[in-house]
>>> print(open('target_23.cif').read())   # mmCIF, C-alpha atoms (C1' of nucleotides)
data_query
loop_
_atom_site.label_atom_id
_atom_site.label_comp_id
_atom_site.auth_asym_id
_atom_site.auth_seq_id
_atom_site.Cartn_x
_atom_site.Cartn_y
_atom_site.Cartn_z
CA MET A 1 0.00 0.00 0.00
CA VAL A 2 1.86 2.98 -1.23
CA THR A 3 -0.63 5.77 -0.90
CA PRO A 4 -2.61 5.63 2.29
CA ARG A 5 -6.30 5.41 1.58
CA LYS A 6 -8.90 6.58 3.96
CA VAL A 7 -11.39 4.10 2.66
CA ILE A 8 -11.68 1.40 0.06
CA ALA A 9 -15.06 0.28 -1.20
CA ILE A 10 -15.75 -2.92 -3.05
CA VAL A 11 -18.93 -3.28 -5.05
CA GLY A 12 -20.29 -5.68 -7.63
CA PRO A 13 -23.10 -8.09 -8.29
CA THR A 14 -23.97 -10.90 -5.94
CA ALA A 15 -21.60 -13.87 -6.11
CA SER A 16 -18.87 -11.85 -7.77
CA GLY A 17 -16.37 -12.56 -5.01
CA LYS A 18 -16.43 -9.30 -3.06
CA THR A 19 -16.04 -10.97 0.31
CA GLY A 20 -13.00 -12.87 -0.84
CA LEU A 21 -11.39 -9.77 -2.23
CA ALA A 22 -11.99 -7.88 1.00
CA LEU A 23 -10.35 -10.63 3.01
CA GLN A 24 -7.35 -10.73 0.73
CA LEU A 25 -7.05 -7.02 1.13
CA ALA A 26 -7.24 -7.33 4.90
CA GLN A 27 -4.25 -9.62 4.80
CA LYS A 28 -2.12 -6.93 3.23
CA VAL A 29 -3.28 -4.01 5.33
CA PRO A 30 -4.78 -3.84 8.78
CA ALA A 31 -8.41 -3.40 7.89
CA GLU A 32 -11.93 -3.79 9.13
CA ILE A 33 -14.88 -4.54 6.97
CA ILE A 34 -18.15 -2.66 6.86
CA CYS A 35 -20.84 -4.70 5.15
CA ALA A 36 -23.03 -2.65 2.87
CA ASP A 37 -25.66 -5.26 2.44
CA SER A 38 -29.34 -4.86 3.19
CA ARG A 39 -29.79 -8.55 3.99
CA THR A 40 -26.79 -9.70 5.95
CA ILE A 41 -27.66 -7.15 8.60
CA TYR A 42 -30.35 -9.58 9.70
CA ARG A 43 -29.77 -12.23 12.31
CA GLY A 44 -30.66 -15.70 11.21
CA MET A 45 -30.37 -14.91 7.54
CA ASP A 46 -27.10 -16.68 7.09
CA ILE A 47 -27.18 -19.41 4.50
CA GLY A 48 -29.41 -17.66 2.00
CA THR A 49 -27.42 -14.45 2.07
CA ALA A 50 -24.05 -16.21 1.85
CA LYS A 51 -23.08 -14.36 4.99
CA PRO A 52 -19.46 -15.08 5.86
CA SER A 53 -19.21 -17.26 8.92
CA LEU A 54 -17.01 -16.29 11.83
CA GLU A 55 -14.47 -18.73 10.52
CA GLU A 56 -14.59 -17.27 7.04
CA GLN A 57 -14.17 -13.80 8.50
CA GLY A 58 -10.74 -15.02 9.51
CA GLY A 59 -10.33 -12.71 12.46
CA VAL A 60 -11.01 -9.60 10.43
CA PRO A 61 -13.70 -7.56 12.17
CA HIS A 62 -16.90 -7.42 10.11
CA HIS A 63 -19.34 -4.68 11.00
CA LEU A 64 -23.09 -4.36 10.46
CA LEU A 65 -23.66 -8.08 10.31
CA ASP A 66 -26.48 -9.45 12.47
CA ILE A 67 -27.53 -6.15 13.91
CA LEU A 68 -31.28 -6.59 13.51
CA ASN A 69 -34.04 -9.17 13.59
CA PRO A 70 -35.88 -9.68 10.31
CA ASP A 71 -38.95 -7.88 11.56
CA GLN A 72 -37.04 -4.67 12.19
CA PRO A 73 -36.85 -2.14 9.39
CA TYR A 74 -33.63 -0.59 8.27
CA SER A 75 -32.79 1.96 5.63
CA ALA A 76 -30.07 3.45 3.50
CA ALA A 77 -30.11 6.54 5.69
CA GLU A 78 -29.51 4.48 8.80
CA PHE A 79 -26.78 2.60 7.02
CA LYS A 80 -25.10 5.84 6.09
CA ASN A 81 -25.04 6.99 9.71
CA ASP A 82 -23.93 3.65 11.06
CA ALA A 83 -21.20 3.29 8.49
CA ASN A 84 -19.92 6.80 8.97
CA ARG A 85 -19.65 6.24 12.68
CA LEU A 86 -17.83 2.98 12.10
CA MET A 87 -15.42 4.51 9.63
CA GLN A 88 -14.39 7.04 12.23
CA ASP A 89 -13.91 4.33 14.82
CA ILE A 90 -11.85 2.24 12.49
CA GLU A 91 -9.71 5.17 11.44
CA SER A 92 -9.16 6.10 15.07
CA ARG A 93 -7.68 2.65 15.48
CA SER A 94 -5.40 3.34 12.51
CA LYS A 95 -7.00 0.71 10.39
CA LEU A 96 -8.43 0.87 6.91
CA PRO A 97 -12.19 0.75 6.61
CA VAL A 98 -13.25 -1.44 3.72
CA VAL A 99 -16.86 -1.03 2.65
CA VAL A 100 -18.07 -4.15 0.92
CA GLY A 101 -21.46 -4.81 -0.51
CA GLY A 102 -23.89 -5.22 -3.32
CA THR A 103 -26.52 -2.84 -2.05
CA GLY A 104 -25.81 -0.01 -4.44
CA LEU A 105 -27.89 2.58 -2.72
CA TYR A 106 -26.16 1.99 0.60
CA VAL A 107 -22.69 2.35 -0.82
CA THR A 108 -23.59 5.35 -2.91
CA ALA A 109 -25.36 7.09 -0.06
CA LEU A 110 -22.29 6.67 2.10
CA LEU A 111 -19.64 7.62 -0.42
CA TYR A 112 -21.47 10.51 -2.02
CA ASP A 113 -22.88 11.82 1.23
CA TYR A 114 -26.56 11.67 0.40
CA GLU A 115 -28.73 14.01 2.38
CA PHE A 116 -31.88 12.03 3.01
CA PRO A 117 -35.25 13.51 3.82
CA ALA A 118 -36.82 12.47 7.10
CA GLY A 119 -37.95 8.95 7.75
CA ALA A 120 -41.49 7.83 7.20
CA ASP A 121 -44.36 8.60 9.51
CA ASN A 122 -45.98 5.21 9.83
CA THR A 123 -49.50 6.47 10.28
CA LEU A 124 -49.27 8.67 7.24
CA ARG A 125 -47.65 5.95 5.19
CA LYS A 126 -50.35 3.44 6.03
CA GLU A 127 -52.95 5.98 5.00
CA LEU A 128 -51.20 6.63 1.71
CA GLU A 129 -50.74 2.97 1.01
CA GLN A 130 -54.50 2.52 1.11
CA LYS A 131 -54.95 4.89 -1.77
CA GLU A 132 -54.92 4.12 -5.44
CA LEU A 133 -51.91 5.09 -7.50
CA THR A 134 -53.92 7.60 -9.51
CA GLU A 135 -55.10 9.34 -6.35
CA LEU A 136 -51.54 9.57 -5.12
CA GLN A 137 -50.37 10.92 -8.44
CA ASP A 138 -53.04 13.61 -8.32
CA GLU A 139 -52.11 14.52 -4.79
CA LEU A 140 -48.45 14.87 -5.64
CA ARG A 141 -49.16 16.80 -8.81
CA GLN A 142 -51.18 19.33 -6.87
CA ARG A 143 -49.00 19.65 -3.83
CA ASP A 144 -45.56 19.49 -5.44
CA PRO A 145 -45.60 19.91 -9.21
CA GLU A 146 -41.80 20.04 -9.32
CA ALA A 147 -41.40 16.69 -7.63
CA TYR A 148 -44.12 15.28 -9.81
CA LYS A 149 -41.96 15.94 -12.83
CA THR A 150 -38.97 14.02 -11.55
CA VAL A 151 -40.50 11.20 -9.55
CA ASP A 152 -41.21 7.84 -11.13
CA THR A 153 -44.97 8.36 -11.01
CA LYS A 154 -45.76 4.80 -11.98
CA ASN A 155 -43.98 3.45 -8.96
CA LYS A 156 -46.38 3.65 -6.05
CA ARG A 157 -43.67 3.45 -3.41
CA ARG A 158 -41.87 6.37 -4.93
CA VAL A 159 -44.96 8.49 -5.22
CA ILE A 160 -45.81 7.81 -1.60
CA ARG A 161 -42.31 8.71 -0.52
CA ALA A 162 -42.43 11.89 -2.55
CA ILE A 163 -45.64 12.91 -0.83
CA GLU A 164 -44.19 12.07 2.58
CA THR A 165 -41.17 14.26 1.97
CA ILE A 166 -42.69 17.27 0.28
CA GLY A 167 -40.62 20.34 0.98
CA GLN A 168 -37.66 18.45 2.36
CA PRO A 169 -34.21 18.88 0.87
CA ARG A 170 -32.12 16.14 -0.63
CA SER A 171 -28.64 16.49 -1.98
CA ARG A 172 -25.53 14.53 -2.83
CA ASN A 173 -21.95 15.01 -3.83
CA ASN A 174 -21.13 14.39 -7.43
CA ARG A 175 -17.58 13.33 -6.81
CA LEU A 176 -16.00 10.61 -4.84
CA PRO A 177 -13.87 11.84 -1.91
CA GLU A 178 -10.20 12.13 -2.82
CA ASN A 179 -8.91 9.40 -0.59
CA CYS A 180 -11.53 6.86 -1.48
CA LEU A 181 -10.91 4.01 -3.88
CA LEU A 182 -14.00 2.45 -5.38
CA LEU A 183 -13.43 -0.99 -6.80
CA GLY A 184 -15.91 -3.00 -8.83
CA LEU A 185 -15.84 -6.71 -9.30
CA ASN A 186 -17.46 -7.88 -12.49
CA PRO A 187 -16.72 -11.37 -13.72
CA SER A 188 -18.04 -12.45 -17.09
CA MET A 189 -21.69 -13.45 -17.16
CA GLU A 190 -20.73 -17.08 -17.77
CA GLU A 191 -18.43 -17.06 -14.80
CA LEU A 192 -21.01 -15.39 -12.62
CA GLU A 193 -23.64 -17.86 -13.75
CA LYS A 194 -21.37 -20.72 -12.72
CA ARG A 195 -20.70 -19.22 -9.34
CA ILE A 196 -24.37 -18.60 -8.74
CA GLN A 197 -25.33 -22.17 -9.58
CA LYS A 198 -22.66 -23.55 -7.36
CA ARG A 199 -23.63 -21.29 -4.53
CA THR A 200 -27.34 -22.11 -4.74
CA LYS A 201 -26.61 -25.81 -4.60
CA GLN A 202 -24.40 -25.21 -1.63
CA MET A 203 -27.05 -23.17 0.18
CA LEU A 204 -29.64 -25.86 -0.27
CA GLY A 205 -27.15 -28.46 0.89
CA GLU A 206 -26.30 -26.45 3.97
CA GLY A 207 -29.90 -26.29 5.11
CA LEU A 208 -31.47 -23.23 3.55
CA VAL A 209 -34.88 -24.83 3.81
CA SER A 210 -34.70 -25.23 7.56
CA GLU A 211 -33.28 -21.74 7.92
CA VAL A 212 -36.26 -20.33 6.05
CA LYS A 213 -38.71 -22.47 8.00
CA SER A 214 -37.47 -21.27 11.32
CA LEU A 215 -37.43 -17.62 10.21
CA ALA A 216 -40.93 -17.91 8.80
CA ASN A 217 -42.13 -19.44 12.04
CA LYS A 218 -40.58 -16.75 14.12
CA TYR A 219 -41.40 -13.66 12.11
CA GLY A 220 -44.06 -14.72 9.64
CA LYS A 221 -43.33 -15.28 6.01
CA ALA A 222 -44.61 -11.86 5.00
CA VAL A 223 -41.80 -9.78 6.51
CA GLU A 224 -39.88 -7.85 3.90
CA PRO A 225 -36.51 -9.49 4.42
CA LEU A 226 -38.06 -12.84 3.58
CA GLN A 227 -39.01 -11.48 0.16
CA THR A 228 -35.37 -11.90 -0.68
CA VAL A 229 -34.07 -14.02 -3.50
CA GLY A 230 -33.50 -17.49 -2.11
CA TYR A 231 -35.99 -17.03 0.70
CA ARG A 232 -39.08 -16.30 -1.31
CA GLU A 233 -38.57 -19.33 -3.52
CA VAL A 234 -38.03 -21.60 -0.54
CA ILE A 235 -41.21 -20.30 1.07
CA GLU A 236 -43.03 -21.28 -2.11
CA TYR A 237 -41.37 -24.66 -1.92
CA ILE A 238 -42.54 -25.12 1.65
CA GLU A 239 -46.03 -24.21 0.51
CA GLY A 240 -45.76 -27.03 -1.99
CA ARG A 241 -45.75 -24.88 -5.07
CA HIS A 242 -42.53 -26.24 -6.54
CA THR A 243 -40.32 -29.26 -6.27
CA LEU A 244 -36.91 -28.87 -4.73
CA GLU A 245 -35.32 -28.99 -8.14
CA GLU A 246 -37.60 -26.28 -9.49
CA THR A 247 -36.78 -24.22 -6.43
CA GLU A 248 -33.10 -24.47 -7.16
CA GLN A 249 -33.66 -23.40 -10.76
CA LEU A 250 -35.79 -20.47 -9.66
CA ILE A 251 -33.20 -19.29 -7.19
CA ASN A 252 -30.56 -19.45 -9.89
CA LEU A 253 -32.74 -17.51 -12.27
CA HIS A 254 -33.71 -14.83 -9.79
CA THR A 255 -30.17 -14.47 -8.54
CA ARG A 256 -28.99 -13.89 -12.07
CA GLN A 257 -31.69 -11.28 -12.56
CA LEU A 258 -30.65 -9.63 -9.33
CA ALA A 259 -27.04 -9.53 -10.45
CA LYS A 260 -28.04 -7.75 -13.63
CA ARG A 261 -30.05 -5.20 -11.72
CA GLN A 262 -27.12 -4.55 -9.42
CA LEU A 263 -24.90 -4.09 -12.42
CA THR A 264 -27.35 -1.63 -13.94
CA TRP A 265 -27.03 0.45 -10.80
CA PHE A 266 -23.25 0.35 -10.69
CA LYS A 267 -22.62 0.70 -14.41
CA ARG A 268 -23.49 4.35 -14.52
CA ASN A 269 -21.01 5.21 -11.79
CA LYS A 270 -17.88 6.26 -13.61
CA ASP A 271 -15.77 6.39 -10.46
CA ILE A 272 -15.74 2.62 -10.18
CA VAL A 273 -12.55 0.90 -11.23
CA TRP A 274 -13.63 -2.48 -12.56
CA PHE A 275 -11.88 -5.83 -12.38
CA PRO A 276 -12.95 -9.24 -13.57
CA ASN A 277 -11.55 -10.97 -10.51
CA ALA A 278 -9.95 -10.49 -7.11
CA GLU A 279 -6.42 -11.21 -8.30
CA GLN A 280 -6.36 -8.33 -10.71
CA ALA A 281 -7.94 -6.01 -8.18
CA ILE A 282 -5.32 -6.90 -5.60
CA ALA A 283 -2.56 -6.42 -8.12
CA TYR A 284 -3.93 -2.99 -8.91
CA ILE A 285 -4.18 -1.96 -5.27
CA GLY A 286 -0.68 -3.15 -4.57
CA SER A 287 0.88 -1.51 -7.58
CA PRO A 288 3.31 1.30 -6.78
CA THR A 289 1.66 3.66 -9.25
CA LEU A 290 -1.18 4.23 -6.86
"C1'" G B 1 -59.44 -49.76 -34.97
"C1'" C B 2 -63.80 -46.51 -33.37
"C1'" A B 3 -65.12 -42.02 -30.43
"C1'" G B 4 -63.56 -37.40 -28.26
"C1'" G B 5 -59.81 -33.50 -27.07
"C1'" G B 6 -55.53 -31.02 -28.58
"C1'" U B 7 -51.39 -28.61 -31.96
"C1'" U B 8 -50.99 -20.36 -31.21
"C1'" A B 9 -44.98 -16.17 -31.16
"C1'" G B 10 -38.50 -18.10 -26.75
"C1'" U B 11 -41.94 -20.93 -22.96
"C1'" G B 12 -46.88 -21.46 -20.68
"C1'" A B 13 -51.53 -19.93 -22.18
"C1'" A B 14 -56.02 -16.78 -24.16
"C1'" G B 15 -58.49 -15.94 -28.65
"C1'" C B 16 -62.86 -19.54 -31.94
"C1'" G B 17 -65.21 -15.32 -39.02
"C1'" G B 18 -63.54 -8.81 -39.56
"C1'" U B 19 -61.58 -3.97 -34.55
"C1'" C B 20 -55.43 -10.12 -34.54
"C1'" A B 21 -48.86 -9.29 -35.25
"C1'" A B 22 -52.54 -12.00 -31.93
"C1'" A B 23 -54.67 -10.80 -24.45
"C1'" C B 24 -52.03 -12.34 -20.18
"C1'" A B 25 -47.97 -14.61 -17.46
"C1'" C B 26 -42.96 -16.04 -17.52
"C1'" G B 27 -38.43 -15.43 -19.92
"C1'" A B 28 -35.16 -12.02 -22.70
"C1'" U B 29 -33.06 -7.00 -23.63
"C1'" A B 30 -32.42 -2.02 -22.08
"C1'" G B 31 -33.33 1.20 -18.13
"C1'" A B 32 -35.05 4.04 -13.55
"C1'" C B 33 -34.25 4.20 -8.52
"C1'" U B 34 -32.05 9.69 -1.89
"C1'" G B 35 -35.20 6.53 4.77
"C1'" U B 36 -38.69 -0.85 2.12
"C1'" A B 37 -33.13 -1.26 -2.56
"C1'" A B 38 -31.59 -9.23 -2.80
"C1'" A B 39 -36.97 -4.36 -2.65
"C1'" U B 40 -39.97 -1.44 -6.05
"C1'" C B 41 -40.88 0.25 -10.89
"C1'" U B 42 -40.56 1.47 -16.53
"C1'" A B 43 -39.90 0.55 -21.87
"C1'" U B 44 -39.24 -2.87 -25.83
"C1'" U B 45 -39.92 -8.01 -27.15
"C1'" G B 46 -42.25 -11.67 -35.55
"C1'" G B 47 -39.38 -9.16 -39.72
"C1'" C B 48 -38.56 -4.67 -42.34
"C1'" U B 49 -32.92 0.23 -39.80
"C1'" U B 50 -38.68 2.07 -38.12
"C1'" A B 51 -43.61 3.80 -40.41
"C1'" U B 52 -51.95 6.08 -38.47
"C1'" G B 53 -46.66 1.65 -43.84
"C1'" C B 54 -45.33 -3.02 -45.86
"C1'" C B 55 -44.21 -8.24 -45.36
"C1'" U B 56 -44.42 -13.16 -43.02
"C1'" U B 57 -46.84 -15.84 -38.79
"C1'" C B 58 -51.40 -19.25 -35.18
"C1'" G B 59 -49.09 -28.16 -36.85
"C1'" U B 60 -48.94 -29.20 -42.73
"C1'" A B 61 -51.58 -28.96 -47.47
"C1'" G B 62 -55.84 -27.61 -49.76
"C1'" G B 63 -60.89 -25.39 -49.70
"C1'" U B 64 -65.26 -22.08 -48.27
"C1'" U B 65 -65.78 -16.65 -47.77
"C1'" C B 66 -65.34 -9.79 -49.73
"C1'" G B 67 -62.46 -11.43 -45.30
"C1'" A B 68 -59.86 -17.28 -41.46
"C1'" A B 69 -55.72 -18.27 -35.82
"C1'" U B 70 -61.10 -18.68 -35.88
"C1'" C B 71 -65.49 -22.64 -40.66
"C1'" C B 72 -64.73 -27.32 -44.00
"C1'" U B 73 -61.52 -31.49 -45.95
"C1'" A B 74 -57.18 -34.44 -45.92
"C1'" C B 75 -52.59 -35.53 -43.64
"C1'" A B 76 -48.96 -35.51 -39.41
"C1'" C B 77 -47.99 -35.63 -34.29
"C1'" C B 78 -49.86 -35.68 -29.00
"C1'" C B 79 -53.53 -36.88 -25.06
"C1'" U B 80 -58.08 -39.30 -23.26
"C1'" G B 81 -62.49 -42.88 -23.51
"C1'" C B 82 -64.05 -47.59 -25.85
"C1'" A B 83 -61.78 -51.77 -27.89
#
>>> encode(input="target_23.cif", output="structure tokens")
Amino acid sequence: MVTPRKVIAIVGPTASGKTGLALQLAQKVPAEIICADSRTIYRGMDIGTAKPSLEEQGGVPHHLLDILNPDQPYSAAEFKNDANRLMQDIESRSKLPVVVGGTGLYVTALLYDYEFPAGADNTLRKELEQKELTELQDELRQRDPEAYKTVDTKNKRRVIRAIETIGQPRSRNNRLPENCLLLGLNPSMEELEKRIQKRTKQMLGEGLVSEVKSLANKYGKAVEPLQTVGYREVIEYIEGRHTLEETEQLINLHTRQLAKRQLTWFKRNKDIVWFPNAEQAIAYIGSPTL
RNA sequence: GCAGGGUUAGUGAAGCGGUCAAACACGAUAGACUGUAAAUCUAUUGGCUUAUGCCUUCGUAGGUUCGAAUCCUACACCCUGCA
């Protein structure tokens, strides 16, 4: 490590090998990992999220893993605060914070210092959710014509949020902080496909079904975190809607679709330095030209 | 062998004389996304370099009709009932 970095972030689609890269990095530099992942924050969601086990963490501190139960909501704004606090802690210990994760919004919010509007008022949100999309569109159009122009008016969640936050500011930085290195891992689609298939098989073999059963029993199968790829399909399997083999295929399919969506998010970020695999990324980080 | 049902775009599946290039779902492709983001949502999806246009599609080959995915005949394949 020639130039000291204040923070390194690793992004990429699911199953691209981010965790492995982070660990390799941590072997070269004293580092701690901040997980930017909207699913591994949940306790009990281990197998289906490919959460690194304590053993796999190899003594490198991993933050923001298992901080909530699946019935507790979390948000990008909370992540940003938590991660910022952690980065300071880690820096104060003279270690390198490494932000790793596939949740694009989380990483972006942190690195580009998003200013979020206030959180939702549950009563108001429930009220709004009762309404039809067209009603909500009308309401937004009347109360905030400017927002109406920019919001995705066909997306009910977005329209509701826009109504909730009328008059509140939102901003972001357009540039990455100087001392931040943003790495992207993007194996070929064929490679990714292989990794996904292997991983799904492994998850099922390690007891994904019983993990999902126990979570569904505890929290109900309707909680949002259980609408996750890998969990939703297994719930359908438990309900007898597919065979185990179909379930595996569906998980593969939906994971691939997820990976593409993640890539769509990251692709437009021109600050990301992309690598097809961990080796090349490590070589780049270690090169004296940095 | 007789009787009945079926064969529709990448897949499943509607349509059963005109308003059908053909609903819908899935898949695919591209994309959006600042307090749910592994979520949510959008566009396109027969061909023609792009049009209130043309061409080719609804098992195959014929026929009836001004007009057929839709009706008739024959053939092929599949499923079911009786043998």
>>> resolve_selection(input="target_23.cif", expression="the PyMOL selection byres ((chain A and resi 80-97) around 10)", output="ChimeraX atom specification")
/A:4-9,25-26,29-36,61,63-64,75-79,98-100,105-111,113-116
>>> resolve_selection(input="target_23.cif", expression="the PyMOL selection byres ((chain A) within 9 of (chain B))", output="ChimeraX atom specification")
/A:14,37-39,49,73-78,102-106,109,114-120,152,154-158,170-172,224-225,227-230,255,258-259,264-265
>>> resolve_selection(input="target_23.cif", expression="the PyMOL selection byres ((chain B and resi 20) around 12)", output="PDB file with C-alpha atoms (C1' of nucleotides), in the frame of the given file")
ATOM      1  C1'   U B   8     -50.990 -20.360 -31.210  1.00  0.00           C
ATOM      2  C1'   G B  15     -58.490 -15.940 -28.650  1.00  0.00           C
ATOM      3  C1'   G B  17     -65.210 -15.320 -39.020  1.00  0.00           C
ATOM      4  C1'   G B  18     -63.540  -8.810 -39.560  1.00  0.00           C
ATOM      5  C1'   U B  19     -61.580  -3.970 -34.550  1.00  0.00           C
ATOM      6  C1'   A B  21     -48.860  -9.290 -35.250  1.00  0.00           C
ATOM      7  C1'   A B  22     -52.540 -12.000 -31.930  1.00  0.00           C
ATOM      8  C1'   A B  23     -54.670 -10.800 -24.450  1.00  0.00           C
ATOM      9  C1'   U B  57     -46.840 -15.840 -38.790  1.00  0.00           C
ATOM     10  C1'   C B  58     -51.400 -19.250 -35.180  1.00  0.00           C
ATOM     11  C1'   A B  68     -59.860 -17.280 -41.460  1.00  0.00           C
ATOM     12  C1'   A B  69     -55.720 -18.270 -35.820  1.00  0.00           C
ATOM     13  C1'   U B  70     -61.100 -18.680 -35.880  1.00  0.00           C
TER      14        U B  70
END
>>> residues_around(input="target_23.cif", residues="A:Leu182", least_positions_apart="5", cutoff="9 Å", atoms="all atoms listed in the file", output="list in words")
Val7, Ile8, Ala9, Ile10, Val11, Leu176, Asp271, Ile272, Val273 and Trp274 of chain A
>>> atom_distance(input="target_23.cif", atom1="atom CA of A:Asn69", atom2="atom CA of A:Leu54")
18.5 Å
>>> residues_around(input="target_23.cif", residues="A:Gln280", least_positions_apart="4", cutoff="12 Å", atoms="all atoms listed in the file", output="CSV table (one decimal) with C-alpha atoms, in the frame of the given file")
chain,number,residue,atom,x,y,z
A,21,LEU,CA,-11.4,-9.8,-2.2
A,24,GLN,CA,-7.4,-10.7,0.7
A,25,LEU,CA,-7.0,-7.0,1.1
A,183,LEU,CA,-13.4,-1.0,-6.8
A,184,GLY,CA,-15.9,-3.0,-8.8
A,185,LEU,CA,-15.8,-6.7,-9.3
A,186,ASN,CA,-17.5,-7.9,-12.5
A,187,PRO,CA,-16.7,-11.4,-13.7
A,273,VAL,CA,-12.6,0.9,-11.2
A,274,TRP,CA,-13.6,-2.5,-12.6
A,275,PHE,CA,-11.9,-5.8,-12.4
A,276,PRO,CA,-13.0,-9.2,-13.6
A,284,TYR,CA,-3.9,-3.0,-8.9
A,285,ILE,CA,-4.2,-2.0,-5.3
A,286,GLY,CA,-0.7,-3.2,-4.6
A,287,SER,CA,0.9,-1.5,-7.6
>>> atom_distance(input="target_23.cif", atom1="atom CA of A:Arg232", atom2="atom CA of A:Asp66")
19.9 Å
>>> atom_distance(input="target_23.cif", atom1="atom CA of A:Gly167", atom2="atom CA of A:Thr134")
21.2 Å
>>> residues_around(input="target_23.cif", residues="A:Ile67", least_positions_apart="5", cutoff="7 Å", atoms="all atoms listed in the file", output="number ranges by chain")
A: 41-43
